[in-house]
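Visitor: Pasting in a structure now, in structure tokens, and then I'll have a few things to ask.
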Amino acid sequence: MPLTWFPASRLLWVRVAAVLFTCTAFSVAAHGAVLPHGGMADWCIFCWAFSFACSLLVLLVEQCSLQPRIPVSWSNFPITVACYASLLCLSASIIFPVFFLKNQNAYGEVRDHRIASTVFSCLATVAYMVEVSLSKARPGEVAGYMATAPGLMKVCQTFVACVIFILVSDPVSYDHHAALKWCMAVYCICFILSMAVVVLCVGECTGCLPIPFSKFLSAYGLLAVIMYLTATILWPVFQFDKKYGRRGDSKVIAVAVLTALNFLLYLADLAYSARLVFVSG
């Protein structure tokens, strides 16, 4: 008699693989990698543990058919989790070997544990990327907003903004000129609005807005593009120009690159949102 509780679908087994890979990554790191407390070690452990917990929740809810009892949009929640988890595991897959394998005096079992955590982190990243690829909306398919290209870009925008916050806060690199404070305001405002869109979609609250959701997205997208354009110009000018007594270090350069990346993401997002308004109109 065939088992029906675990249907043999590619998406199911990809999620199972992601759960196993993330669980193994943080378990091995916590057990024998001898990591220091705080800093990047805690960040990597958080990335794996958070991804594992959220993926396990999605897996259990779907296999127990509890979607009607969960107060979120199930057409948006799983792919949002998968997209954030892929970015978190990708960051951990880069950070962990750079900080705890390269130029480190780790030998024997400690080094083996760190290598194993890195390998399973990379495997988890691939698994989550495959899950996003399987779950995203296809042309002509009716799906939740977070399964579309603009929805996935919202996740990327908020994640990039979080990385920028980390880079500019230690040490603080935006407090010596008003233009740089404006850049920080741009990062904060756009992050809050993008995260609000994600929360509205996952919580099925888009109907609470006083204007149509598509028009809200276009208006916010245009505002974000203009604001990020100013930050893309002002940040390198006031950080790298000798006239202002600054020389860019690696973190400042990384912020400039990530600012330009987010500007391109918001520009592409605006193009999708504008097309949505004109097509539906």
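By order of appearance in the structure tokens: chains A, B, ..., then residues from 1 within every chain, and ligands from 1 in the order shown.
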Excluding Cys205 (chain A) and residues on its chain fewer than 5 positions from it, collect all residues at most 10 Å away from it, counting only C-alpha atoms, and give them as a list in words.

Guide: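 My reading of the contact set: Val72, Ser73, Val197, Val199 and Leu200 of chain A.
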
Visitor: Using only C-alpha atoms, which protein or nucleic acid residues come within 9 Å of Val19 (chain A)? Drop anything in the same chain fewer than 2 positions from it, and give the result as a list in words.

Guide: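 The contact residues come out as Val14, Arg15, Val16, Ala17, Phe21, Thr22, Cys23, Thr24, Ser51, Phe52, Ala53, Ser55, Leu56, Leu59 and Ala124 of chain A.
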
Visitor: Please list as a list in words every residue within 10 Å of region 164-181 of chain A, counting only C-alpha atoms and excluding residues in the same chain fewer than 5 positions away.

Guide: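 Once the nearby chain positions are removed, what remains is Thr158, Phe159, Val186, Tyr187, Cys188, Thr230, Ala231, Leu234, Trp235, Pro236, Val237, Phe238, Gln239, Tyr244, Arg246, Gly248, Ser250, Lys251, Val252, Ile253, Ala254, Val255, Ala256, Val257, Leu258 and Thr259 of chain A.
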
Visitor: Compile the contact shell of Lys154 (chain A) as a ChimeraX atom specification: residues with an atom at most 12 Å away, counting only C-alpha atoms, same-chain residues fewer than 2 positions apart removed.

Guide: /A:80,83-84,145-152,156-161,190-199,201,217,220-221,224,262,265-270,272-273

Visitor: Can those selected residues be exported to a file as a compact mmCIF listing (two decimals), in the first residue's frame so that it contains N, CA and C atoms?

Guide:
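The result, written out as part-v9.txt:
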```txt
# COMPACT_ATOMS: atom_id res chain seq x y z
N THR A 80 8.88 33.08 0.00
CA THR A 80 9.57 34.16 0.71
C THR A 80 10.62 33.58 1.65
N CYS A 83 13.54 32.21 -0.45
CA CYS A 83 14.39 33.26 -1.03
C CYS A 83 15.30 33.87 0.03
N TYR A 84 14.73 34.19 1.19
CA TYR A 84 15.56 34.72 2.28
C TYR A 84 16.60 33.68 2.73
N TYR A 145 2.07 37.37 -5.14
CA TYR A 145 3.00 38.42 -5.57
C TYR A 145 4.44 38.06 -5.27
N MET A 146 4.71 37.42 -4.14
CA MET A 146 6.08 37.10 -3.76
C MET A 146 6.70 36.02 -4.65
N ALA A 147 5.87 35.32 -5.43
CA ALA A 147 6.39 34.32 -6.36
C ALA A 147 6.74 34.93 -7.71
N THR A 148 6.46 36.21 -7.89
CA THR A 148 6.77 36.90 -9.15
C THR A 148 8.15 37.56 -9.05
N ALA A 149 8.65 38.01 -10.19
CA ALA A 149 9.97 38.66 -10.20
C ALA A 149 10.02 39.89 -9.28
N PRO A 150 9.01 40.80 -9.30
CA PRO A 150 9.06 41.94 -8.37
C PRO A 150 9.06 41.51 -6.90
N GLY A 151 8.30 40.46 -6.56
CA GLY A 151 8.29 39.99 -5.19
C GLY A 151 9.64 39.46 -4.75
N LEU A 152 10.29 38.69 -5.61
CA LEU A 152 11.62 38.17 -5.29
C LEU A 152 12.64 39.30 -5.20
N CYS A 156 15.39 40.55 -2.20
CA CYS A 156 16.80 40.90 -2.44
C CYS A 156 17.11 42.32 -1.98
N GLN A 157 16.19 43.25 -2.21
CA GLN A 157 16.39 44.64 -1.80
C GLN A 157 16.55 44.75 -0.29
N THR A 158 15.69 44.07 0.45
CA THR A 158 15.77 44.16 1.91
C THR A 158 17.03 43.47 2.43
N PHE A 159 17.41 42.37 1.80
CA PHE A 159 18.62 41.66 2.25
C PHE A 159 19.86 42.51 2.00
N VAL A 160 19.96 43.11 0.81
CA VAL A 160 21.11 43.96 0.50
C VAL A 160 21.17 45.14 1.46
N ALA A 161 20.01 45.72 1.79
CA ALA A 161 19.98 46.83 2.74
C ALA A 161 20.49 46.39 4.11
N CYS A 190 13.85 53.10 2.35
CA CYS A 190 13.54 52.11 1.32
C CYS A 190 13.46 50.71 1.90
N PHE A 191 14.30 50.42 2.88
CA PHE A 191 14.23 49.11 3.54
C PHE A 191 12.88 48.94 4.23
N ILE A 192 12.45 49.95 4.98
CA ILE A 192 11.19 49.86 5.72
C ILE A 192 10.01 49.66 4.76
N LEU A 193 10.00 50.42 3.66
CA LEU A 193 8.89 50.31 2.71
C LEU A 193 8.90 48.97 1.99
N SER A 194 10.09 48.49 1.59
CA SER A 194 10.16 47.18 0.93
C SER A 194 9.74 46.06 1.88
N MET A 195 10.20 46.15 3.12
CA MET A 195 9.81 45.14 4.10
C MET A 195 8.31 45.21 4.38
N ALA A 196 7.75 46.42 4.37
CA ALA A 196 6.31 46.56 4.57
C ALA A 196 5.54 45.87 3.44
N VAL A 197 6.03 45.97 2.21
CA VAL A 197 5.39 45.29 1.09
C VAL A 197 5.43 43.78 1.30
N VAL A 198 6.58 43.27 1.72
CA VAL A 198 6.72 41.82 1.98
C VAL A 198 5.73 41.38 3.06
N VAL A 199 5.66 42.14 4.15
CA VAL A 199 4.75 41.78 5.25
C VAL A 199 3.30 41.86 4.81
N CYS A 201 2.10 41.39 1.83
CA CYS A 201 1.80 40.27 0.93
C CYS A 201 1.71 38.96 1.69
N LEU A 217 2.73 50.24 -5.58
CA LEU A 217 4.04 49.71 -5.93
C LEU A 217 4.77 50.60 -6.93
N TYR A 220 5.82 53.95 -5.09
CA TYR A 220 6.94 53.67 -4.19
C TYR A 220 8.19 53.31 -4.97
N GLY A 221 8.03 52.55 -6.05
CA GLY A 221 9.18 52.17 -6.88
C GLY A 221 9.87 53.37 -7.49
N ALA A 224 11.73 55.19 -4.71
CA ALA A 224 12.93 54.46 -4.31
C ALA A 224 14.04 54.60 -5.34
N ASN A 262 21.52 47.76 -5.39
CA ASN A 262 20.13 47.98 -4.99
C ASN A 262 19.43 48.98 -5.91
N LEU A 265 18.28 46.99 -8.75
CA LEU A 265 17.14 46.16 -8.36
C LEU A 265 15.86 46.99 -8.31
N TYR A 266 15.94 48.18 -7.74
CA TYR A 266 14.75 49.04 -7.68
C TYR A 266 14.34 49.51 -9.08
N LEU A 267 15.31 49.74 -9.95
CA LEU A 267 15.00 50.16 -11.31
C LEU A 267 14.26 49.05 -12.06
N ALA A 268 14.76 47.82 -11.94
CA ALA A 268 14.08 46.69 -12.57
C ALA A 268 12.70 46.46 -11.96
N ASP A 269 12.61 46.63 -10.65
CA ASP A 269 11.33 46.49 -9.95
C ASP A 269 10.33 47.52 -10.46
N LEU A 270 10.77 48.74 -10.65
CA LEU A 270 9.90 49.80 -11.17
C LEU A 270 9.41 49.46 -12.57
N TYR A 272 8.94 46.49 -13.88
CA TYR A 272 7.91 45.45 -13.75
C TYR A 272 6.60 46.04 -13.23
N SER A 273 6.69 46.88 -12.20
CA SER A 273 5.48 47.43 -11.59
C SER A 273 4.75 48.36 -12.54
```

Visitor: Restricting the calculation to only C-alpha atoms, which member of A:Val132, A:Val98, A:Cys44, A:Leu123 is positioned closest to Ala82 (chain A)?

Guide: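 Checking each candidate against Ala82 (chain A), we get A:Val132 as the closest.
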
Visitor: Leaving out Leu229 (chain A) and any residue of its chain fewer than 4 positions from it, which residues lie within 8 Å of it when counting only C-alpha atoms, given as a VMD selection string?

Guide: chain A and resid 225 233 263

Visitor: Dump C-alpha atoms for the selected residues as a PDB file, in the first residue's frame?

Guide:
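Okay, this is what ended up in part.pdb:
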```pdb
ATOM      1  CA  VAL A 225      14.699  54.723  -7.673  1.00  0.00           C
ATOM      2  CA  ILE A 233      26.103  59.277  -6.554  1.00  0.00           C
ATOM      3  CA  PHE A 263      19.583  50.907  -7.362  1.00  0.00           C
TER       4      PHE A 263
END
```

Visitor: Between CA of Lys136 (chain A) and CA of Trp74 (chain A), what distance in Å does the model show, to one decimal?

Guide: 13.2 Å

Visitor: Have a look at A:Leu57, A:Met129, A:Cys162, A:Val34 and name the one nearest to Glu109 (chain A); count only C-alpha atoms.

Guide: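 With only C-alpha atoms as the atom set, the closest residue is A:Val34.
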
Visitor: Within region 15-86 of chain A, find each residue whose DSSP state, derived from the backbone, is alpha helix (DSSP H), and express the selection as a VMD selection string.

Guide: chain A and resid 15 to 32 39 to 63 77 to 86

Visitor: So, with only C-alpha atoms as the atoms that count, which of A:Phe120, A:Leu66, A:Ile94, A:Cys54 lies closest to Phe26 (chain A)?

Guide: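 That would be A:Phe120, the residue with the smallest distance to Phe26 (chain A).
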
Visitor: So that I can check the surroundings of Ala85 (chain A), please list as a VMD selection string every protein, DNA and RNA residue that reaches within 8 Å of it, counting only C-alpha atoms and ignoring chain neighbours fewer than 2 positions away.

Guide: chain A and resid 47 50 to 51 81 to 83 87 to 89 125 128

Visitor: What is the distance, in Å and to one decimal place, between CA of Cys183 (chain A) and CA of Leu261 (chain A)?

Guide: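 Between CA of Cys183 (chain A) and CA of Leu261 (chain A) the gap works out to 14.4 Å.
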
Visitor: Find the residue from A:Val202, A:Ile70, A:Ala274, A:Ala41 that sits nearest to Ser214 (chain A); use only C-alpha atoms when measuring.

Guide: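 Nearest to Ser214 (chain A): A:Ala274.
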
Visitor: What is the distance, in Å and to one decimal place, between CA of Ile45 (chain A) and CA of Ser27 (chain A)?

Guide: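 So the two atoms, CA of Ile45 (chain A) and CA of Ser27 (chain A), lie 8.9 Å apart.
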
Visitor: Return the single residue from A:Tyr228, A:Gly108, A:Asp241, A:Val28 that is closest to Ala185 (chain A), with distances computed using only C-alpha atoms.

Guide: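 Smallest distance to Ala185 (chain A) is found for A:Tyr228.
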